[in-house]
$ cat final.txt   # compact mmCIF, C-alpha atoms and all ligand atoms
# COMPACT_ATOMS: atom_id res chain seq x y z
CA MET A 37 -56.78 33.35 -26.63
CA GLU A 38 -56.52 36.20 -24.12
CA LYS A 39 -52.90 36.62 -23.11
CA ASP A 40 -52.20 40.35 -23.17
CA LEU A 41 -51.23 41.73 -19.77
CA PHE A 42 -52.72 45.06 -18.72
CA GLY A 43 -54.45 45.10 -22.12
CA ILE A 44 -51.14 45.81 -23.88
CA PRO A 45 -50.19 43.44 -26.73
CA ASN A 46 -46.93 41.52 -26.06
CA MET A 47 -46.58 43.11 -22.62
CA ASP A 48 -45.07 39.86 -21.24
CA VAL A 49 -42.28 40.02 -23.84
CA TYR A 50 -41.53 43.64 -22.91
CA ILE A 51 -41.38 42.74 -19.22
CA VAL A 52 -38.99 39.80 -19.80
CA LEU A 53 -36.78 42.04 -21.95
CA SER A 54 -36.89 44.71 -19.24
CA ILE A 55 -35.73 42.18 -16.64
CA LEU A 56 -32.83 41.25 -18.90
CA ALA A 57 -32.05 44.92 -19.57
CA PHE A 58 -32.16 45.62 -15.82
CA PHE A 59 -29.52 42.96 -15.10
CA VAL A 60 -27.44 44.07 -18.10
CA ILE A 61 -27.43 47.63 -16.77
CA ILE A 62 -26.56 46.79 -13.15
CA GLU A 63 -23.79 44.39 -14.21
CA VAL A 64 -22.37 46.93 -16.67
CA VAL A 65 -22.55 49.72 -14.08
CA ALA A 66 -20.77 47.44 -11.59
CA GLY A 67 -17.86 47.19 -14.08
CA TYR A 68 -18.58 43.67 -15.32
CA LEU A 69 -17.59 44.41 -18.93
CA GLN A 70 -14.17 45.66 -17.81
CA THR A 71 -13.41 42.70 -15.57
CA THR A 72 -14.88 39.84 -17.60
CA LYS A 73 -12.50 37.29 -19.08
CA ARG A 74 -15.11 36.05 -21.51
CA LYS A 75 -13.89 35.30 -25.02
CA SER A 76 -15.82 35.99 -28.21
CA SER A 77 -16.91 32.32 -28.31
CA ASP A 78 -18.56 32.79 -24.89
CA TRP A 79 -20.49 35.82 -26.12
CA ILE A 80 -21.57 33.96 -29.26
CA LEU A 81 -22.83 31.03 -27.20
CA GLU A 82 -24.64 33.17 -24.65
CA LEU A 83 -25.98 36.06 -26.71
CA GLY A 84 -26.49 34.05 -29.90
CA GLY A 85 -28.02 31.17 -27.94
CA TYR A 86 -30.47 33.56 -26.28
CA LEU A 87 -31.57 35.13 -29.57
CA VAL A 88 -32.09 31.75 -31.26
CA LEU A 89 -34.05 30.51 -28.25
CA ALA A 90 -36.24 33.59 -27.92
CA LEU A 91 -36.86 34.28 -31.59
CA LEU A 92 -36.85 30.81 -33.11
CA VAL A 93 -37.05 27.80 -30.78
CA LYS A 94 -39.60 28.96 -28.20
CA PRO A 95 -42.11 30.53 -30.63
CA GLY A 96 -41.54 27.63 -33.06
CA ILE A 97 -42.43 25.02 -30.44
CA VAL A 98 -45.49 26.93 -29.23
CA LEU A 99 -46.76 27.40 -32.79
CA ALA A 100 -46.09 23.72 -33.57
CA VAL A 101 -48.12 22.59 -30.53
CA LEU A 102 -51.00 24.94 -31.39
CA ALA A 103 -50.96 23.82 -35.03
CA LEU A 104 -50.91 20.14 -34.06
CA GLY A 105 -53.80 20.73 -31.66
CA ASN A 106 -55.85 22.40 -34.39
CA VAL A 107 -54.99 19.99 -37.21
CA PHE A 108 -55.89 16.94 -35.15
CA SER A 109 -58.75 18.72 -33.33
CA LEU A 110 -57.32 17.59 -30.03
CA PRO A 111 -59.74 17.73 -27.09
CA PHE A 112 -59.42 20.18 -24.17
CA GLN A 113 -58.56 23.18 -26.36
CA GLY A 114 -59.22 26.25 -24.19
CA ALA A 115 -60.35 24.03 -21.30
CA LEU A 116 -58.64 26.26 -18.73
CA SER A 117 -59.66 29.61 -20.16
CA ALA A 118 -62.61 30.07 -17.78
CA ASN A 119 -60.46 29.45 -14.70
CA SER A 120 -59.02 32.12 -12.47
CA LEU A 121 -55.33 33.02 -12.62
CA TRP A 122 -55.13 31.97 -8.95
CA LEU A 123 -55.55 28.42 -10.19
CA THR A 124 -53.86 28.46 -13.59
CA LEU A 125 -50.70 30.34 -12.56
CA PRO A 126 -49.64 27.96 -9.72
CA LEU A 127 -50.66 24.99 -11.87
CA TYR A 128 -48.50 26.19 -14.77
CA LEU A 129 -45.53 27.06 -12.56
CA PHE A 130 -45.46 23.94 -10.39
CA ILE A 131 -45.68 21.51 -13.29
CA ASP A 132 -43.16 23.60 -15.21
CA ASP A 133 -40.70 23.61 -12.34
CA PHE A 134 -41.13 19.89 -11.67
CA LEU A 135 -40.39 19.16 -15.35
CA GLN A 136 -37.41 21.47 -15.28
CA TYR A 137 -35.96 19.86 -12.16
CA TRP A 138 -36.04 16.39 -13.71
CA TYR A 139 -34.88 17.52 -17.13
CA HIS A 140 -31.98 19.41 -15.60
CA ARG A 141 -31.09 16.54 -13.25
CA SER A 142 -31.26 14.05 -16.14
CA ALA A 143 -28.95 16.34 -18.09
CA HIS A 144 -26.36 15.70 -15.37
CA GLU A 145 -26.99 11.96 -15.17
CA TYR A 146 -27.30 10.78 -18.77
CA PRO A 147 -24.43 11.14 -21.28
CA PHE A 148 -26.36 12.44 -24.30
CA LEU A 149 -28.26 15.09 -22.34
CA TRP A 150 -25.08 16.04 -20.47
CA LYS A 151 -23.33 16.81 -23.75
CA LEU A 152 -26.18 19.18 -24.63
CA HIS A 153 -26.15 20.87 -21.22
CA ARG A 154 -22.36 20.92 -20.81
CA PRO A 155 -21.90 24.40 -22.43
CA HIS A 156 -23.87 25.82 -19.49
CA HIS A 157 -21.21 24.53 -17.11
CA GLN A 158 -18.23 25.48 -19.22
CA ALA A 159 -18.80 29.13 -18.29
CA GLU A 160 -15.96 30.16 -15.98
CA GLU A 161 -17.83 33.25 -14.86
CA MET A 162 -21.42 33.71 -13.87
CA GLY A 163 -23.58 36.41 -15.49
CA PHE A 164 -27.12 37.03 -16.67
CA PHE A 165 -26.63 35.39 -20.08
CA VAL A 166 -25.18 32.15 -18.71
CA SER A 167 -28.82 31.17 -18.17
CA TYR A 168 -29.22 30.64 -21.91
CA ARG A 169 -25.97 28.85 -22.61
CA ASN A 170 -26.97 25.35 -23.76
CA ALA A 171 -26.75 23.44 -27.03
CA PHE A 172 -29.47 24.13 -29.59
CA VAL A 173 -30.88 20.58 -29.32
CA TYR A 174 -31.11 20.92 -25.51
CA TYR A 175 -33.81 23.54 -25.99
CA LEU A 176 -35.48 21.73 -28.86
CA ILE A 177 -36.31 18.74 -26.65
CA MET A 178 -36.79 20.67 -23.40
CA PRO A 179 -40.11 19.52 -21.86
CA ASN A 180 -40.77 23.00 -20.44
CA LEU A 181 -40.94 24.64 -23.83
CA TRP A 182 -43.46 22.04 -24.96
CA TRP A 183 -45.35 22.61 -21.72
CA VAL A 184 -45.60 26.33 -22.62
CA GLY A 185 -47.24 25.29 -25.91
CA ILE A 186 -49.57 22.76 -24.26
CA PHE A 187 -50.66 25.15 -21.51
CA THR A 188 -51.31 27.87 -24.09
CA PHE A 189 -53.38 25.39 -26.12
CA LEU A 190 -55.39 24.60 -22.97
CA GLY A 191 -56.25 28.27 -22.63
CA GLY A 192 -53.71 29.26 -19.99
CA ALA A 193 -51.81 31.82 -22.08
CA LYS A 194 -52.07 34.56 -19.47
CA ALA A 195 -50.72 32.27 -16.74
CA VAL A 196 -47.85 31.34 -19.09
CA ALA A 197 -47.07 35.02 -19.75
CA ILE A 198 -46.96 35.90 -16.04
CA GLY A 199 -45.24 32.62 -15.14
CA LEU A 200 -42.45 33.24 -17.63
CA ILE A 201 -41.85 36.70 -16.18
CA LEU A 202 -41.59 35.33 -12.62
CA LYS A 203 -39.34 32.49 -13.79
CA GLN A 204 -37.01 34.84 -15.65
CA LEU A 205 -36.73 37.03 -12.59
CA ILE A 206 -35.54 34.09 -10.45
CA ILE A 207 -33.40 32.42 -13.14
CA ILE A 208 -31.56 35.53 -14.32
CA SER A 209 -30.96 36.81 -10.79
CA SER A 210 -29.66 33.41 -9.67
CA HIS A 211 -27.04 33.47 -12.45
CA SER A 212 -26.09 37.11 -12.00
CA THR A 213 -22.63 38.24 -10.90
CA LEU A 214 -24.31 40.60 -8.45
CA PRO A 215 -26.07 38.25 -6.07
CA TYR A 216 -28.78 40.10 -4.17
CA ASP A 217 -28.87 37.49 -1.39
CA LYS A 218 -25.42 38.30 0.09
CA PHE A 219 -26.92 40.82 2.47
CA LEU A 220 -29.39 38.20 3.74
CA TYR A 221 -26.48 36.13 5.07
CA LYS A 222 -24.71 39.13 6.53
CA TYR A 223 -27.30 40.13 9.12
CA LYS A 224 -28.25 37.58 11.76
CA PHE A 225 -31.63 39.19 12.46
CA LEU A 226 -32.69 38.37 8.88
CA ASP A 227 -32.10 34.68 9.49
CA PRO A 228 -35.72 33.61 10.11
CA PHE A 229 -36.78 35.29 6.87
CA THR A 230 -33.78 33.90 4.92
CA LYS A 231 -34.49 30.37 6.13
CA ILE A 232 -38.05 30.50 4.80
CA TYR A 233 -37.08 32.32 1.60
CA GLU A 234 -34.32 29.89 0.58
CA ARG A 235 -36.56 26.92 1.36
CA ILE A 236 -39.01 28.23 -1.23
CA PHE A 237 -37.05 30.05 -3.93
CA ILE A 238 -33.74 29.40 -5.64
CA THR A 239 -31.24 31.96 -4.36
CA PRO A 240 -28.08 33.02 -6.20
CA ALA A 241 -25.91 31.22 -3.57
CA PHE A 242 -27.88 28.00 -4.07
CA HIS A 243 -27.49 28.12 -7.83
CA HIS A 244 -23.91 29.41 -7.92
CA ALA A 245 -22.94 26.34 -5.86
CA HIS A 246 -24.27 24.19 -8.71
CA HIS A 247 -21.91 26.01 -11.10
CA GLY A 248 -18.86 25.72 -8.83
CA LYS A 249 -15.92 23.80 -10.26
CA THR A 250 -15.37 21.27 -7.50
CA LYS A 251 -16.85 20.04 -4.25
CA ARG A 252 -13.37 20.30 -2.73
CA ASP A 253 -14.00 23.97 -1.89
CA GLY A 254 -16.70 22.94 0.59
CA ILE A 255 -19.26 25.21 -1.13
CA SER A 256 -19.81 23.87 -4.63
CA ASP A 257 -22.13 21.01 -5.45
CA PRO A 258 -22.05 20.41 -9.21
CA ASN A 259 -24.07 17.21 -8.68
CA GLY A 260 -26.86 18.87 -6.72
CA ASN A 261 -28.99 22.03 -6.49
CA PHE A 262 -30.77 21.32 -9.78
CA GLY A 263 -33.83 23.50 -9.09
CA ASN A 264 -34.85 26.30 -11.36
CA MET A 265 -37.38 28.45 -9.54
CA PHE A 266 -38.29 26.55 -6.36
CA SER A 267 -35.85 24.69 -4.11
CA LEU A 268 -38.68 22.35 -3.09
CA TRP A 269 -37.76 19.57 -5.54
CA ASP A 270 -34.12 19.47 -4.44
CA GLN A 271 -35.23 19.19 -0.82
CA LEU A 272 -37.78 16.52 -1.69
CA PHE A 273 -35.43 14.39 -3.79
CA GLY A 274 -32.31 14.77 -1.62
CA THR A 275 -30.16 16.99 -3.86
CA ALA A 276 -30.30 20.27 -1.91
CA SER A 277 -27.31 21.88 -0.26
CA PHE A 278 -27.65 25.29 1.41
CA LYS A 279 -24.17 26.73 1.96
CA ARG A 280 -25.02 30.46 1.77
CA ALA A 281 -21.61 31.09 0.21
CA PHE A 282 -20.18 31.46 -3.29
CA PRO A 283 -17.61 29.26 -5.06
CA VAL A 284 -14.22 30.74 -5.89
CA GLU A 285 -13.94 28.90 -9.19
CA TYR A 286 -16.63 28.20 -11.78
CA GLY A 287 -16.61 25.92 -14.81
CA LEU A 288 -15.50 22.37 -15.54
CA GLU A 289 -12.30 20.67 -14.50
CA ASN A 290 -10.13 19.44 -17.40
CA ASP A 291 -12.25 21.28 -19.93
CA PRO A 292 -10.78 20.87 -23.46
CA LYS A 293 -12.70 24.01 -24.60
CA GLU A 294 -13.99 22.98 -27.99
CA HIS A 295 -14.86 25.38 -30.81
CA TRP A 296 -18.26 26.98 -30.17
CA THR A 297 -19.79 25.35 -33.27
CA ALA A 298 -19.33 21.87 -31.75
CA THR A 299 -20.44 23.01 -28.30
CA TYR A 300 -23.60 24.64 -29.58
CA LEU A 301 -24.48 22.32 -32.45
CA TYR A 302 -23.65 18.91 -30.95
CA PRO A 303 -24.54 16.21 -32.16
CA ILE A 304 -24.87 17.77 -35.64
CA VAL A 305 -21.30 19.11 -35.35
CA THR A 306 -18.72 17.26 -33.24
CA SER A 307 -15.32 18.25 -31.89
CA SER A 308 -12.15 17.39 -33.80
CA ASP A 309 -10.28 17.07 -30.48
CA SER A 310 -10.26 13.34 -29.68
CA THR A 311 -9.92 14.07 -25.93
CA SER A 312 -13.25 15.89 -25.95
CA GLU A 313 -16.34 14.01 -24.92
CA ILE A 314 -18.22 15.64 -27.79
CA SER A 315 -15.82 14.18 -30.38
CA ARG A 316 -17.12 11.40 -32.64
CA GLY A 317 -16.88 7.92 -31.11
CA TYR A 318 -15.57 9.21 -27.75
CA LYS A 319 -15.85 6.63 -24.96
CA LYS A 320 -14.97 7.05 -21.33
CA GLU A 321 -12.42 4.54 -20.14
CA ASP A 322 -12.91 2.06 -17.33
CA THR A 323 -9.93 2.83 -15.10
CA ARG A 324 -10.78 0.43 -12.27
CA THR A 325 -8.14 -2.12 -11.34
CA LEU A 326 -8.14 -5.33 -9.30
CA ASP A 327 -5.79 -3.75 -6.82
CA ALA A 328 -5.61 -0.86 -4.39
CA ILE A 329 -3.69 2.31 -5.22
CA GLU A 330 -1.23 3.59 -2.65
CA VAL A 331 -1.32 7.36 -2.16
CA GLU A 332 0.19 9.92 0.18
CA LEU A 333 -2.42 11.79 2.25
CA GLU A 334 -2.02 14.91 4.33
CA LYS A 335 -3.82 15.26 7.67
CA GLY A 336 -6.74 17.76 7.55
CA LYS A 337 -6.75 17.99 3.73
CA THR A 338 -9.93 17.08 1.82
CA TYR A 339 -9.87 14.74 -1.16
CA LEU A 340 -12.41 13.72 -3.76
CA TYR A 341 -12.40 9.97 -4.20
CA CYS A 342 -13.63 8.68 -7.58
CA GLN A 343 -16.63 6.36 -7.34
CA CYS A 344 -17.44 6.06 -11.05
CA GLY A 345 -14.30 4.13 -12.01
CA MET A 346 -13.57 6.34 -15.01
CA SER A 347 -11.12 8.88 -13.61
CA LYS A 348 -7.79 9.19 -15.38
CA ASN A 349 -6.44 10.40 -12.06
CA ALA A 350 -7.62 7.32 -10.09
CA PRO A 351 -8.25 6.87 -7.26
CA PHE A 352 -9.09 10.59 -7.18
CA CYS A 353 -11.92 12.22 -9.11
CA ASP A 354 -11.08 14.12 -12.30
CA SER A 355 -14.73 14.98 -13.11
CA SER A 356 -15.16 12.15 -15.63
CA HIS A 357 -18.35 11.24 -13.73
CA HIS A 358 -20.29 14.11 -15.39
CA GLY A 359 -23.12 12.65 -17.44
CA THR A 360 -23.54 9.66 -15.11
CA LYS A 361 -25.38 9.03 -11.84
CA TYR A 362 -22.09 8.75 -9.94
CA LYS A 363 -20.68 11.42 -7.66
CA PRO A 364 -17.27 11.64 -6.03
CA LEU A 365 -16.94 10.94 -2.31
CA ILE A 366 -15.45 13.77 -0.31
CA PHE A 367 -13.28 12.81 2.68
CA GLU A 368 -10.81 14.43 5.02
CA ALA A 369 -7.52 12.67 5.79
CA LYS A 370 -7.27 11.83 9.49
CA ARG A 371 -3.48 11.43 9.41
CA THR A 372 -0.50 12.17 7.22
CA GLY A 373 1.10 9.25 5.47
CA LYS A 374 0.52 6.46 2.99
CA ALA A 375 -2.97 5.01 2.47
CA ARG A 376 -4.32 2.28 0.22
CA LEU A 377 -7.37 3.55 -1.63
CA CYS A 378 -9.82 1.20 -3.31
CA ASN A 379 -9.79 1.12 -7.10
CA CYS A 380 -12.09 -1.85 -7.74
CA LYS A 381 -14.99 0.26 -6.34
CA SER A 382 -16.27 -2.64 -4.23
CA SER A 383 -14.82 -1.69 -0.86
CA LYS A 384 -17.27 -1.46 2.03
CA THR A 385 -15.03 0.98 3.88
CA GLY A 386 -15.48 4.09 1.77
CA PRO A 387 -12.42 5.20 -0.12
CA PHE A 388 -10.11 2.78 1.72
CA CYS A 389 -9.28 -0.68 0.42
CA ASP A 390 -10.81 -3.54 2.44
CA ASN A 391 -9.34 -6.20 0.14
CA SER A 392 -12.71 -6.84 -1.54
CA HIS A 393 -10.80 -6.98 -4.85
CA ILE A 394 -9.21 -10.28 -3.77
CA ASN A 395 -12.60 -12.00 -4.07
CA LEU A 396 -13.38 -10.50 -7.47
CA LYS A 397 -12.49 -12.51 -10.57
CA SER A 398 -13.10 -9.61 -12.94
CA LEU A 399 -14.44 -6.07 -12.96
CA GLU A 400 -17.99 -6.40 -14.27
S1 LIG A 501 -14.23 10.93 -11.88
FE1 LIG A 501 -15.48 11.84 -10.38
S2 LIG A 501 -16.40 10.15 -9.42
FE2 LIG A 501 -15.14 9.24 -10.91

$ encode --input "final.txt" --output "structure tokens"
Amino acid sequence: MEKDLFGIPNMDVYIVLSILAFFVIIEVVAGYLQTTKRKSSDWILELGGYLVLALLVKPGIVLAVLALGNVFSLPFQGALSANSLWLTLPLYLFIDDFLQYWYHRSAHEYPFLWKLHRPHHQAEEMGFFVSYRNAFVYYLIMPNLWWVGIFTFLGGAKAVAIGLILKQLIIISSHSTLPYDKFLYKYKFLDPFTKIYERIFITPAFHHAHHGKTKRDGISDPNGNFGNMFSLWDQLFGTASFKRAFPVEYGLENDPKEHWTATYLYPIVTSSDSTSEISRGYKKEDTRTLDAIEVELEKGKTYLYCQCGMSKNAPFCDSSHHGTKYKPLIFEAKRTGKARLCNCKSSKTGPFCDNSHINLKSLE
């Protein structure tokens, strides 16, 4: 299978490593190592996670797919090898990015996948290596890695090699602490270009917003901006938010910060902290009640109202909705004073109680 770029064996690997090295160097030169608050557990997760992924998981999956294809003499082996890169490269990338969008989105909407993806969002700082901060099992079942194997089996190894380089360039730069896109937002005359660019590719601002701690800052959208390389899927499936600004705080609210072994090796290793959602037998509580909750609101202030019914800070969101399809509702108080907010989650008037709970016999 012809996969060498420019006739040099493993050229794709060298290019990916060079991209990483490039971001390492510019972040180090910019003083990142002096200012970072990362602990040793963060470095283990990010650096260790990257090495295991690059040296073990990715090659292991590709070899497993190729071996399975040969052992079972599966049809279509090398079927794409006669096709031009102009066809195979877009084909590889678009299917890859579509798979990644849905895998990533599912990792925010389903509890088991969320627990595997959660380490990625526990990072309180951005940086090139945050890209690789997920649980081991997250990568093992990642459809994209299997797609790399399948596409290679079909004879598209060269497209995979180039595609991975392009992907890494977008992914690593969108996680970097030195976002290249800031200057695009600074100069008005660049606006027409920026508009087109951000509607095609994932920019650092777009992805940083996904890592922001809370929607309350008006920039972050932890329940949106799931795209990896292209912003097309977010626009198509209604999860895109273009704020062209960067969150002040990154990470998870109320994060119990488990030991890295549980974070990385869940579900093989679980947390001993019973308040952690990766502890054995952990269940989120139903905190809905058949009554409204009276709160004091302040005119002009924004609040996040809990819609999942699991917040321990009801009726406000405490981020317990992660790993479900629910999102908090953001609203601005129109006046200062007491308000009755719905806590049965059946009100038709947004966060405010409309007495729907009176007609409910129980909270099903
Ligand atoms: S805790 Fe955020 S929506 Fe319920």

$ atom_distance --input "final.txt" --atom1 "CA of His153 in chain A" --atom2 "CA of Asn170 in chain A"
5.2 Å

$ closest_atom_pairs --input "final.txt" --of "range 160-241 of chain A" --to "range 282-303 of chain A" --cutoff "10 Å" --atoms "all atoms listed in the file" --output "tab-separated table"
residue	atom	partner	partner_atom	distance
A:Glu160	CA	A:Gly287	CA	4.4
A:Glu161	CA	A:Tyr286	CA	6.0
A:Met162	CA	A:Tyr286	CA	7.6
A:Arg169	CA	A:Tyr300	CA	8.5
A:Asn170	CA	A:Tyr300	CA	6.8
A:Ala171	CA	A:Tyr300	CA	4.2
A:Phe172	CA	A:Tyr300	CA	5.9
A:Val173	CA	A:Leu301	CA	7.3
A:Tyr174	CA	A:Tyr300	CA	9.3
A:Pro215	CA	A:Phe282	CA	9.4
A:Lys218	CA	A:Phe282	CA	9.3
A:Pro240	CA	A:Phe282	CA	8.6
A:Ala241	CA	A:Phe282	CA	5.7

$ closest_atom_pairs --input "final.txt" --of "chain A" --to "ligand LIG 501 (chain A)" --cutoff "6 Å" --atoms "only C-alpha atoms and all ligand atoms" --output "tab-separated table"
residue	atom	partner	partner_atom	distance
A:Cys342	CA	A:LIG501	S2	3.6
A:Gln343	CA	A:LIG501	S2	4.3
A:Cys344	CA	A:LIG501	FE2	3.9
A:Gly345	CA	A:LIG501	FE2	5.3
A:Met346	CA	A:LIG501	FE2	5.3
A:Ser347	CA	A:LIG501	S1	4.1
A:Cys353	CA	A:LIG501	FE1	3.8
A:Asp354	CA	A:LIG501	S1	4.5
A:Ser355	CA	A:LIG501	FE1	4.2
A:Ser356	CA	A:LIG501	S1	4.1
A:His357	CA	A:LIG501	FE1	4.5
A:Tyr362	CA	A:LIG501	S2	5.9
A:Lys363	CA	A:LIG501	S2	4.8
A:Pro364	CA	A:LIG501	S2	3.8

$ closest_residue --input "final.txt" --among "A:Ser277, A:Thr338, A:Ser310, A:Asn261" --to "Leu365 in chain A" --atoms "only C-alpha atoms"
A:Thr338

$ closest_residue --input "final.txt" --among "A:Ile177, A:Ala103, A:Ile55, A:Leu214" --to "Tyr68 in chain A" --atoms "only C-alpha atoms"
A:Leu214

$ closest_residue --input "final.txt" --among "A:Val305, A:Ala350, A:Val196, A:Leu125" --to "Glu321 in chain A" --atoms "only C-alpha atoms"
A:Ala350

$ closest_residue --input "final.txt" --among "A:Ile198, A:Leu135, A:Leu149, A:Leu340" --to "Gly386 in chain A" --atoms "all atoms listed in the file"
A:Leu340

$ decode --input "final.txt" --residues "range 201-214 of chain A" --atoms "N, CA and C atoms" --output "compact mmCIF listing (two decimals), in the first residue's frame"
# COMPACT_ATOMS: atom_id res chain seq x y z
N ILE A 201 -2.52 14.90 8.86
CA ILE A 201 -1.69 16.10 9.02
C ILE A 201 -2.58 17.35 9.07
N LEU A 202 -3.52 17.44 8.12
CA LEU A 202 -4.41 18.61 8.08
C LEU A 202 -5.26 18.69 9.35
N LYS A 203 -5.75 17.53 9.77
CA LYS A 203 -6.58 17.48 11.00
C LYS A 203 -5.78 17.96 12.21
N GLN A 204 -4.56 17.45 12.33
CA GLN A 204 -3.75 17.82 13.49
C GLN A 204 -3.49 19.31 13.53
N LEU A 205 -3.29 19.88 12.33
CA LEU A 205 -3.02 21.31 12.24
C LEU A 205 -4.20 22.11 12.80
N ILE A 206 -5.41 21.71 12.44
CA ILE A 206 -6.61 22.43 12.92
C ILE A 206 -6.85 22.13 14.39
N ILE A 207 -6.75 20.85 14.78
CA ILE A 207 -7.09 20.46 16.16
C ILE A 207 -6.10 21.07 17.16
N ILE A 208 -4.82 20.94 16.87
CA ILE A 208 -3.83 21.44 17.83
C ILE A 208 -3.91 22.97 17.92
N SER A 209 -4.07 23.62 16.77
CA SER A 209 -4.13 25.10 16.82
C SER A 209 -5.41 25.57 17.52
N SER A 210 -6.49 24.80 17.42
CA SER A 210 -7.72 25.25 18.06
C SER A 210 -7.70 25.04 19.58
N HIS A 211 -6.75 24.24 20.06
CA HIS A 211 -6.60 24.06 21.51
C HIS A 211 -5.49 24.94 22.09
N SER A 212 -4.69 25.53 21.22
CA SER A 212 -3.50 26.23 21.68
C SER A 212 -3.82 27.45 22.55
N THR A 213 -2.86 27.80 23.40
CA THR A 213 -3.03 29.01 24.23
C THR A 213 -2.68 30.27 23.45
N LEU A 214 -2.18 30.07 22.24
CA LEU A 214 -1.83 31.24 21.41
C LEU A 214 -2.73 31.24 20.17
